[in-house]
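K.L.:
Got a structure for you, start_39.txt, holding compact mmCIF, C-alpha atoms.
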# COMPACT_ATOMS: atom_id res chain seq x y z
CA MET A 1 97.59 126.34 90.37
CA ALA A 2 94.04 126.36 89.03
CA TRP A 3 94.28 122.72 87.91
CA ARG A 4 95.17 121.65 91.44
CA SER A 5 92.05 123.29 92.74
CA VAL A 6 90.01 121.52 90.08
CA VAL A 7 91.49 118.13 90.99
CA ALA A 8 91.02 118.74 94.71
CA ALA A 9 87.44 119.78 94.13
CA HIS A 10 86.84 116.65 92.05
CA PHE A 11 88.09 114.32 94.76
CA ARG A 12 86.01 116.10 97.39
CA ARG A 13 82.89 115.15 95.46
CA THR A 14 81.33 111.67 95.76
CA GLU A 15 82.41 110.52 92.29
CA GLY A 16 85.99 111.57 93.09
CA LYS A 17 85.94 109.66 96.37
CA LEU A 18 84.58 106.59 94.59
CA THR A 19 87.40 106.87 92.04
CA LEU A 20 89.92 106.85 94.87
CA ILE A 21 88.16 103.83 96.32
CA VAL A 22 88.51 102.00 92.99
CA ALA A 23 92.24 102.74 92.99
CA ALA A 24 92.53 101.56 96.61
CA VAL A 25 90.67 98.33 95.85
CA LEU A 26 92.86 97.58 92.84
CA ALA A 27 96.04 98.25 94.85
CA ALA A 28 94.84 96.19 97.83
CA ALA A 29 93.79 93.29 95.60
CA GLY A 30 97.18 93.37 93.88
CA VAL A 31 99.06 93.37 97.20
CA ALA A 32 96.85 90.63 98.69
CA GLY A 33 97.23 88.47 95.59
CA LEU A 34 101.01 88.97 95.54
CA VAL A 35 101.32 88.10 99.24
CA GLY A 36 99.22 84.97 98.74
CA VAL A 37 101.22 83.81 95.72
CA LEU A 38 104.56 84.47 97.48
CA SER A 39 103.38 82.63 100.60
CA ILE A 40 102.47 79.53 98.60
CA GLY A 41 105.60 79.80 96.48
CA GLN A 42 107.87 80.01 99.52
CA ARG A 43 106.21 77.00 101.11
CA ALA A 44 106.44 75.04 97.85
CA ASP A 45 110.15 75.90 97.58
CA LEU A 46 110.72 74.64 101.12
CA LEU A 47 108.93 71.39 100.31
CA THR A 48 110.99 71.03 97.14
CA ASP A 49 114.13 71.48 99.23
CA LEU A 50 112.83 68.92 101.72
CA ALA A 51 111.97 66.43 98.98
CA GLU A 52 114.95 66.89 96.69
CA ARG A 53 117.98 68.18 98.59
CA ARG A 54 117.26 66.99 102.12
CA GLY A 55 115.53 63.87 100.88
CA ALA A 56 118.52 62.96 98.73
CA VAL A 57 120.98 63.59 101.54
CA ASN A 58 118.88 61.69 104.10
CA ALA A 59 118.46 58.70 101.77
CA ALA A 60 122.17 58.71 100.96
CA ALA A 61 123.10 59.06 104.63
CA GLY A 62 121.02 55.98 105.46
CA GLU A 63 122.70 54.00 102.68
CA ILE A 64 126.18 55.19 103.70
CA TYR A 65 125.43 54.29 107.31
CA ARG A 66 124.18 50.84 106.33
CA ALA A 67 127.02 50.11 103.92
CA LEU A 68 129.76 51.18 106.33
CA ALA A 69 128.25 49.20 109.21
CA ASP A 70 128.02 46.10 107.01
CA ALA A 71 131.57 46.63 105.73
CA ASP A 72 132.91 46.98 109.26
CA ALA A 73 131.35 43.69 110.34
CA THR A 74 132.43 41.91 107.16
CA SER A 75 136.04 43.10 107.46
CA PHE A 76 136.48 40.93 110.55
CA SER A 77 134.40 38.07 109.17
CA VAL A 78 136.99 37.53 106.40
CA VAL A 79 139.52 36.48 109.04
CA LEU A 80 137.07 34.11 110.72
CA VAL A 81 136.08 32.07 107.67
CA SER A 82 138.10 29.79 105.46
CA GLY A 83 138.09 28.32 101.94
CA GLU A 84 135.68 29.77 99.41
CA GLN A 85 133.99 31.88 102.08
CA VAL A 86 137.02 34.16 102.25
CA ALA A 87 136.47 35.40 98.69
CA VAL A 88 132.70 35.65 99.30
CA GLN A 89 133.17 37.82 102.38
CA GLN A 90 135.81 39.97 100.69
CA GLN A 91 133.50 40.61 97.75
CA ALA A 92 130.66 41.49 100.14
CA PHE A 93 132.94 44.06 101.80
CA ARG A 94 133.93 45.57 98.46
CA ASP A 95 130.30 45.71 97.35
CA ASP A 96 129.46 47.69 100.49
CA ILE A 97 132.32 50.10 99.82
CA VAL A 98 131.05 50.63 96.25
CA ALA A 99 127.54 51.24 97.61
CA ALA A 100 128.85 53.79 100.13
CA ALA A 101 130.85 55.57 97.41
CA ALA A 102 127.82 55.71 95.10
CA ALA A 103 125.63 57.11 97.91
CA LEU A 104 128.24 59.76 98.69
CA ASP A 105 128.36 60.78 95.05
CA TYR A 106 124.56 60.96 94.88
CA ALA A 107 124.34 63.14 97.99
CA THR A 108 127.18 65.41 96.87
CA LYS A 109 125.34 66.23 93.63
CA ALA A 110 122.27 67.27 95.65
CA VAL A 111 124.23 69.74 97.82
CA PRO A 112 125.07 73.00 96.03
CA GLU A 113 127.84 74.01 98.44
CA VAL A 114 131.41 72.87 97.75
CA ALA A 115 134.02 72.43 100.47
CA SER A 116 137.49 73.75 99.66
CA THR A 117 140.32 71.27 99.17
CA SER A 118 142.47 72.96 101.81
CA ARG A 119 139.66 72.71 104.35
CA ILE A 120 139.13 68.99 103.64
CA ASN A 121 142.88 68.30 103.83
CA GLU A 122 142.92 70.03 107.21
CA LEU A 123 139.93 68.07 108.50
CA THR A 124 141.17 64.67 107.34
CA SER A 125 144.71 65.07 108.65
CA ALA A 126 145.74 62.35 111.11
CA ALA A 127 145.71 64.86 113.97
CA ARG A 128 142.09 65.90 113.35
CA ARG A 129 140.44 62.55 112.57
CA ALA A 130 139.76 61.68 116.19
CA TYR A 131 137.74 64.91 116.64
CA LEU A 132 135.79 64.91 113.39
CA ALA A 133 132.67 63.28 114.84
CA ASN A 134 132.32 66.07 117.41
CA GLY A 135 133.11 68.96 115.07
CA ALA A 136 130.67 71.51 113.69
CA LEU A 137 130.85 70.66 109.99
CA THR A 138 128.60 71.67 107.12
CA THR A 139 126.81 69.04 105.06
CA ALA A 140 129.22 69.61 102.17
CA GLU A 141 132.20 69.18 104.51
CA ARG A 142 130.81 65.97 106.00
CA LEU A 143 130.28 64.48 102.55
CA ALA A 144 133.76 65.52 101.39
CA VAL A 145 135.39 64.15 104.56
CA LEU A 146 133.59 60.83 104.19
CA SER A 147 134.66 60.63 100.53
CA SER A 148 138.27 61.30 101.55
CA LEU A 149 138.26 58.78 104.41
CA LEU A 150 136.63 55.96 102.44
CA PRO A 151 139.81 54.95 100.52
CA VAL A 152 141.85 55.30 103.73
CA TYR A 153 139.49 52.91 105.50
CA THR A 154 139.47 50.48 102.56
CA GLY A 155 143.27 50.50 102.42
CA LEU A 156 143.57 49.66 106.12
CA VAL A 157 141.18 46.72 105.76
CA GLU A 158 142.86 45.35 102.63
CA ALA A 159 146.27 45.60 104.33
CA GLY A 160 144.87 43.83 107.38
CA TRP A 161 143.66 40.94 105.25
CA VAL A 162 147.05 40.59 103.54
CA TYR A 163 148.95 40.45 106.80
CA SER A 164 146.37 38.17 108.44
CA SER A 165 146.65 35.72 105.54
CA ARG A 166 150.37 35.48 106.41
CA VAL A 167 149.48 34.90 110.08
CA ASP A 168 151.18 38.20 110.91
CA PRO A 169 149.77 39.81 114.11
CA VAL A 170 150.03 43.26 112.54
CA GLY A 171 147.05 42.33 110.38
CA THR A 172 144.78 42.42 113.43
CA SER A 173 146.10 45.88 114.30
CA TYR A 174 145.23 47.17 110.83
CA LEU A 175 141.71 45.72 111.03
CA ASN A 176 141.18 47.16 114.50
CA GLU A 177 142.38 50.61 113.39
CA ALA A 178 140.05 50.45 110.38
CA SER A 179 137.14 49.46 112.59
CA LEU A 180 137.80 52.35 114.99
CA LEU A 181 137.89 54.77 112.04
CA ALA A 182 134.57 53.40 110.74
CA ARG A 183 132.73 53.25 114.07
CA GLU A 184 134.03 56.32 115.88
CA THR A 185 134.33 58.72 112.95
CA MET A 186 132.75 57.67 109.66
CA LEU A 187 129.51 56.23 111.03
CA GLU A 188 129.06 59.23 113.32
CA LEU A 189 129.55 61.60 110.38
CA ALA A 190 127.00 59.62 108.34
CA LYS A 191 124.53 59.72 111.23
CA ASP A 192 124.86 63.51 111.56
CA LEU A 193 124.18 63.97 107.83
CA ARG A 194 120.54 63.14 108.41
CA ASP A 195 118.17 65.98 109.17
CA ALA A 196 114.59 64.98 109.89
CA THR A 197 113.52 68.50 110.97
CA PRO A 198 111.32 70.23 108.37
CA PRO A 199 112.66 73.57 107.06
CA ALA A 200 111.45 76.51 109.17
CA GLY A 201 108.05 77.64 107.97
CA VAL A 202 107.01 74.58 106.01
CA ASP A 203 104.88 73.18 108.84
CA SER A 204 103.55 76.50 110.20
CA PHE A 205 100.27 78.32 109.57
CA PRO A 206 100.50 81.21 107.02
CA TRP A 207 99.43 83.87 109.53
CA PHE A 208 100.77 86.85 107.59
CA ALA A 209 99.12 85.90 104.30
CA VAL A 210 95.79 85.11 105.98
CA THR A 211 95.94 88.41 107.91
CA VAL A 212 96.45 90.28 104.64
CA GLY A 213 93.48 88.40 103.17
CA LEU A 214 91.28 89.29 106.15
CA ALA A 215 92.40 92.91 105.89
CA MET A 216 91.30 92.88 102.25
CA VAL A 217 87.90 91.48 103.28
CA LEU A 218 87.56 94.16 105.98
CA LEU A 219 88.39 96.87 103.44
CA LEU A 220 85.70 95.56 101.07
CA VAL A 221 83.11 95.44 103.88
CA MET A 222 83.93 99.02 104.92
CA ILE A 223 83.58 100.17 101.30
CA GLN A 224 80.18 98.46 101.07
CA ARG A 225 79.01 100.26 104.22
CA TYR A 226 80.19 103.55 102.76
CA LEU A 227 78.31 102.82 99.52
CA ALA A 228 75.17 101.90 101.45
CA ARG A 229 75.22 105.27 103.19
CA ARG A 230 76.06 107.28 100.07
CA THR A 231 73.93 105.54 97.46
CA ARG A 232 71.12 104.26 99.67
CA ARG A 233 71.56 100.79 98.14
CA ARG A 234 71.88 97.98 100.69
CA PHE A 235 73.96 95.67 98.51
CA ASN A 236 76.47 96.14 95.72
CA VAL A 237 76.63 92.91 93.76
CA GLY A 238 80.15 93.54 92.49
CA MET A 239 81.53 94.28 95.98
CA VAL A 240 79.75 91.27 97.49
CA ALA A 241 81.25 89.07 94.75
CA ALA A 242 84.72 90.54 95.40
CA THR A 243 84.35 89.81 99.12
CA VAL A 244 83.27 86.22 98.50
CA LEU A 245 86.09 85.64 96.01
CA THR A 246 88.66 87.01 98.47
CA LEU A 247 87.35 84.73 101.20
CA VAL A 248 87.52 81.76 98.83
CA ALA A 249 91.06 82.63 97.73
CA PHE A 250 92.51 82.95 101.21
CA GLY A 251 90.40 80.12 102.59
CA TRP A 252 91.91 77.92 99.88
CA LEU A 253 95.38 79.22 100.73
CA ALA A 254 94.88 78.49 104.44
CA ALA A 255 93.40 75.02 103.86
CA SER A 256 96.10 73.91 101.42
CA SER A 257 98.82 75.25 103.72
CA VAL A 258 97.37 73.39 106.70
CA VAL A 259 97.20 70.13 104.73
CA ALA A 260 100.77 70.62 103.45
CA ALA A 261 102.00 71.42 106.97
CA ALA A 262 100.30 68.33 108.38
CA ASN A 263 101.92 66.09 105.76
CA ALA A 264 105.34 67.71 106.27
CA ALA A 265 105.00 67.17 110.03
CA THR A 266 103.97 63.55 109.42
CA SER A 267 107.05 63.03 107.26
CA ALA A 268 109.29 64.44 109.98
CA GLU A 269 107.59 62.38 112.69
CA LEU A 270 107.87 59.14 110.71
CA SER A 271 111.52 59.87 110.05
CA ARG A 272 112.20 60.69 113.71
CA THR A 273 110.29 57.79 115.28
CA HIS A 274 110.73 55.03 112.66
CA LEU A 275 113.23 55.59 109.86
CA VAL A 276 116.15 57.10 111.80
CA PRO A 277 116.07 54.79 114.85
CA LEU A 278 115.54 51.65 112.74
CA THR A 279 118.48 52.60 110.50
CA GLU A 280 120.59 53.10 113.62
CA ILE A 281 119.46 49.77 115.08
CA ARG A 282 120.40 47.98 111.88
CA ALA A 283 123.83 49.61 111.78
CA GLU A 284 124.44 48.98 115.47
CA ALA A 285 123.47 45.35 114.99
CA ARG A 286 126.11 45.02 112.30
CA ASN A 287 128.55 46.84 114.58
CA LEU A 288 127.78 44.22 117.19
CA ASP A 289 128.58 41.51 114.65
CA GLY A 290 131.93 43.17 114.06
CA ALA A 291 132.58 43.67 117.77
CA GLN A 292 131.95 39.97 118.42
CA ALA A 293 134.31 39.01 115.63
CA ARG A 294 136.94 41.47 116.87
CA ALA A 295 136.60 40.08 120.41
CA LEU A 296 137.43 36.62 119.05
CA ILE A 297 140.37 37.80 116.95
CA PHE A 298 141.67 40.57 119.18
CA PRO A 299 140.28 39.98 122.72
CA LEU A 300 140.32 42.82 125.23
CA VAL A 301 139.38 43.12 128.90
CA GLY A 302 135.71 44.02 129.30
CA ASP A 303 134.57 42.57 125.96
CA LEU A 304 131.55 40.85 127.50
CA ASP A 305 130.38 44.02 129.28
CA GLU A 306 130.80 46.07 126.10
CA LEU A 307 128.90 43.56 123.96
CA THR A 308 126.12 43.34 126.54
CA THR A 309 125.87 47.14 126.60
CA GLN A 310 125.51 47.21 122.81
CA VAL A 311 122.74 44.61 122.92
CA ASN A 312 120.94 46.59 125.61
CA ARG A 313 121.19 49.77 123.54
CA ILE A 314 119.76 48.00 120.49
CA ASP A 315 116.98 46.49 122.60
CA GLY A 316 116.10 49.89 124.09
CA LYS A 317 115.81 51.59 120.69
CA LEU A 318 113.80 48.68 119.30
CA THR A 319 111.41 48.81 122.26
CA ALA A 320 110.91 52.55 121.71
CA VAL A 321 110.01 52.01 118.04
CA ARG A 322 107.66 49.14 118.86
CA ALA A 323 105.81 51.46 121.27
CA THR A 324 104.88 53.81 118.40
CA PRO A 325 101.86 53.29 116.12
CA LEU A 326 102.73 50.61 113.54
CA ASP A 327 100.85 48.71 110.89
CA THR A 328 100.33 44.97 111.42
CA GLU A 329 103.10 43.93 109.06
CA ALA A 330 105.69 46.22 110.65
CA GLN A 331 104.61 45.18 114.14
CA TYR A 332 105.03 41.53 113.25
CA ALA A 333 108.49 42.12 111.77
CA LEU A 334 109.69 44.12 114.77
CA ASP A 335 108.29 41.53 117.18
CA GLY A 336 110.43 38.99 115.35
CA ALA A 337 113.43 41.33 115.58
CA ALA A 338 112.91 41.63 119.34
CA VAL A 339 113.04 37.83 119.67
CA VAL A 340 116.29 37.76 117.69
CA VAL A 341 117.80 40.40 119.99
CA GLU A 342 116.92 38.34 123.07
CA GLN A 343 118.45 35.25 121.50
CA TRP A 344 121.53 37.30 120.63
CA ARG A 345 121.86 38.44 124.25
CA ALA A 346 121.79 34.82 125.43
CA ALA A 347 124.29 33.77 122.74
CA ILE A 348 126.77 36.47 123.80
CA ALA A 349 126.52 35.44 127.43
CA ARG A 350 127.16 31.83 126.34
CA ASP A 351 129.94 32.54 123.83
CA PHE A 352 131.99 34.65 126.21
CA SER A 353 131.58 32.48 129.30
CA ALA A 354 134.03 29.97 130.72
CA THR A 355 132.06 27.11 129.13
CA ARG A 356 131.72 28.68 125.69
CA PRO A 357 131.50 26.52 122.53
CA GLY A 358 134.42 25.98 120.19
CA TYR A 359 135.91 28.84 118.19
CA GLY A 360 134.59 27.56 114.86
CA GLU A 361 131.02 27.29 116.11
CA ILE A 362 131.05 30.85 117.45
CA ALA A 363 132.56 32.19 114.22
CA LYS A 364 129.91 30.45 112.14
CA ALA A 365 127.13 31.92 114.29
CA ILE A 366 128.54 35.45 113.93
CA THR A 367 128.97 35.37 110.16
CA GLY A 368 125.64 33.65 109.60
CA SER A 369 123.34 35.97 111.59
CA GLU A 370 120.93 37.52 109.06
CA GLU A 371 117.49 37.33 110.73
CA LEU A 372 117.59 40.77 112.34
CA LYS A 373 118.86 42.45 109.18
CA VAL A 374 116.09 40.90 107.08
CA ASP A 375 113.36 41.98 109.54
CA LEU A 376 114.68 45.53 109.81
CA ASP A 377 115.38 46.05 106.11
CA HIS A 378 111.73 45.43 105.25
CA VAL A 379 110.41 47.87 107.85
CA ILE A 380 113.05 50.49 106.96
CA SER A 381 112.07 50.27 103.29
CA THR A 382 108.39 50.71 104.17
CA ALA A 383 109.12 53.64 106.50
CA SER A 384 111.24 55.31 103.82
CA ARG A 385 108.39 55.05 101.29
CA GLN A 386 105.95 56.51 103.83
CA VAL A 387 108.26 59.46 104.55
CA ASP A 388 108.65 60.17 100.83
CA GLN A 389 104.91 59.81 100.20
CA SER A 390 104.09 62.30 102.97
CA ILE A 391 106.32 64.88 101.30
CA VAL A 392 104.70 64.16 97.92
CA ASP A 393 101.26 64.63 99.52
CA ALA A 394 102.39 67.94 101.04
CA ARG A 395 103.53 69.22 97.66
CA SER A 396 100.33 67.99 95.99
CA ALA A 397 98.23 69.93 98.53
CA LEU A 398 99.80 73.17 97.30
CA ALA A 399 99.64 72.35 93.60
CA GLY A 400 97.75 75.07 91.71
CA THR A 401 97.01 77.12 94.83
CA ASP A 402 99.28 80.02 93.83
CA VAL A 403 97.67 80.27 90.40
CA GLY A 404 94.21 79.90 91.93
CA VAL A 405 94.81 82.72 94.43
CA ALA A 406 96.18 85.00 91.71
CA VAL A 407 93.21 84.37 89.40
CA LEU A 408 90.62 84.74 92.17
CA MET A 409 92.11 88.04 93.35
CA ALA A 410 92.23 89.35 89.78
CA VAL A 411 88.56 88.44 89.33
CA ALA A 412 87.75 89.95 92.75
CA ALA A 413 89.38 93.23 91.69
CA ALA A 414 87.43 93.18 88.43
CA ALA A 415 84.18 92.47 90.29
CA ALA A 416 84.81 95.33 92.71
CA VAL A 417 85.49 97.76 89.85
CA GLY A 418 82.43 96.45 88.03
CA GLY A 419 80.33 97.14 91.12
CA LEU A 420 81.75 100.62 91.73
CA TRP A 421 81.87 101.99 88.19
CA PRO A 422 78.09 102.33 87.70
CA ARG A 423 77.92 104.30 90.97
CA ILE A 424 80.63 106.66 89.70
CA ALA A 425 78.77 107.09 86.38
CA GLU A 426 75.66 108.16 88.25
CA TYR A 427 77.39 111.34 89.41
CA ARG A 428 78.72 112.41 86.01
Rewrite the coordinates I just gave you, this time as structure tokens.
P.N.:
Amino acid sequence: MAWRSVVAAHFRRTEGKLTLIVAAVLAAAGVAGLVGVLSIGQRADLLTDLAERRGAVNAAAGEIYRALADADATSFSVVLVSGEQVAVQQQAFRDDIVAAAAALDYATKAVPEVASTSRINELTSAARRAYLANGALTTAERLAVLSSLLPVYTGLVEAGWVYSSRVDPVGTSYLNEASLLARETMLELAKDLRDATPPAGVDSFPWFAVTVGLAMVLLLVMIQRYLARRTRRRFNVGMVAATVLTLVAFGWLAASSVVAAANAATSAELSRTHLVPLTEIRAEARNLDGAQARALIFPLVGDLDELTTQVNRIDGKLTAVRATPLDTEAQYALDGAAVVVEQWRAAIARDFSATRPGYGEIAKAITGSEELKVDLDHVISTASRQVDQSIVDARSALAGTDVGVAVLMAVAAAAAVGGLWPRIAEYR
């Protein structure tokens, strides 16, 4: 037991207390450095997920949405045209289906989860299709369901064309069923694939890490006060250096996290206010093309009211986007799109009135309307690049911060030991 008394006596003396302080500083510096590195690493992982997995799925969802909307409109256009235009429109439809399939494949590779075959068979059964758009599905399930429904949709359209070419009324029924599947199920599934919300934590302030850093600074200040009382020296260069290095390390961590959070929030805001609504407007415009064509081929009561409602919905979303901050080029393009929408509204009122033009003239106007798509495609492309660039900027803000914090805390620990060791030696 004598050795315990010796150790206890040693640590009751000043040099023993200073030795304990050295151990406490080393442990605190190690914990603070680890917390800082983990905080940056976690945020970087979230940004990587946002850029790679979510970014891939969001980009694919936009392409799937666009391709399916274009295919839906084109499927009816094939019946409205004649001669060489039939083959042109059919090829355009098939190109859109290929684009949708490629986008689905791209998104599926970015999602690690895999939906079971039995689950997908259950979801895509004829009895469940009508409820798919309202179901709580995972991203993997949505992608698998869309992949399974794509050949079903294509088969319905191709069958509709065959029967329509024989002037068989059942062809219209096939095309209408295909359009309902695309608009009420597939497009809704594609829309719900998109997730503009940043992962939890990526746009928040690193309160815990900064608190740990401030606690480390407080510990160093308290040790310096203790040294000033014990050694009668006002400053300890090593401890002052350790304090400054800790402040620099966690100031850097806080600043880089704030910049990254701001860029992540900007990405989400651009996606929410520009990219998502413009993609929806473009798809809904193509849906309106298809609805006009369907109303000519397969007229129903209330067609004019339904078409007018669709135009109003497009106009409302476009007005909301135009009210957000835009660069001059985007503003000019969307102003042009607004003019096209107003002209479209007037054309619908004319084409479905008692004094409407001839069938051929209406059909030509429907299949030849490209102005809105051209205007929107340019702005959507620009918005997509801005969203991606904001995520890149967020990741760049964190680059090297974890290594920098680790190195600074290691140097801070060394400086603190370097400042304390001579004081310990004085008592030996």
K.L.:
What does the distance between atom CA of A:Val248 and atom CA of A:Met409 come to in Å, to one decimal place?
P.N.:
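Those two atoms sit 9.5 Å apart.
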K.L.:
Find, counting only C-alpha atoms, the residue in A:Ala291, A:Leu34, A:Ala262, A:Leu149 that gets nearest to A:Thr185.
P.N.:
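Closest candidate: A:Leu149.
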K.L.:
Using only C-alpha atoms, which of A:Ala264, A:Val217, A:Leu143, A:Ile223 sits nearest A:Ala102?
P.N.:
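With only C-alpha atoms as the atom set, the closest residue is A:Leu143.
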K.L.:
In terms of the shortest atom-to-atom distance over only C-alpha atoms, which of A:Ala23, A:Ala29, A:Leu227, A:Leu307 is closest to A:Gly290?
P.N.:
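So, comparing all the options, the nearest one is A:Leu307.
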K.L.:
Which one is closest to A:Leu180: A:Arg294, A:Ala241, A:Trp161, A:Thr273? Count only C-alpha atoms.
P.N.:
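Nearest candidate to A:Leu180 out of A:Arg294, A:Ala241, A:Trp161, A:Thr273: A:Arg294.
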K.L.:
For A:Ser39, list every protein, DNA or RNA residue within 9 Å, evaluated using all atoms listed in the file, and leave out those in the same chain fewer than 4 positions away; present the list as a list in words.
P.N.:
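Final neighbour list, sorted by chain and number: Leu34, Val35, Arg43, Ala44, Pro206, Phe208, Ala209, Leu253 and Asp402 of chain A.
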K.L.:
To one decimal in Å, tell me the separation between atom CA of A:Ser165 and atom CA of A:Gln292.
P.N.:
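Interatomic distance, atom CA of A:Ser165 to atom CA of A:Gln292: 20.0 Å.
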K.L.:
By how many Å are atom CA of A:Val321 and atom CA of A:Ala73 apart?
P.N.:
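A separation of 24.2 Å between them.
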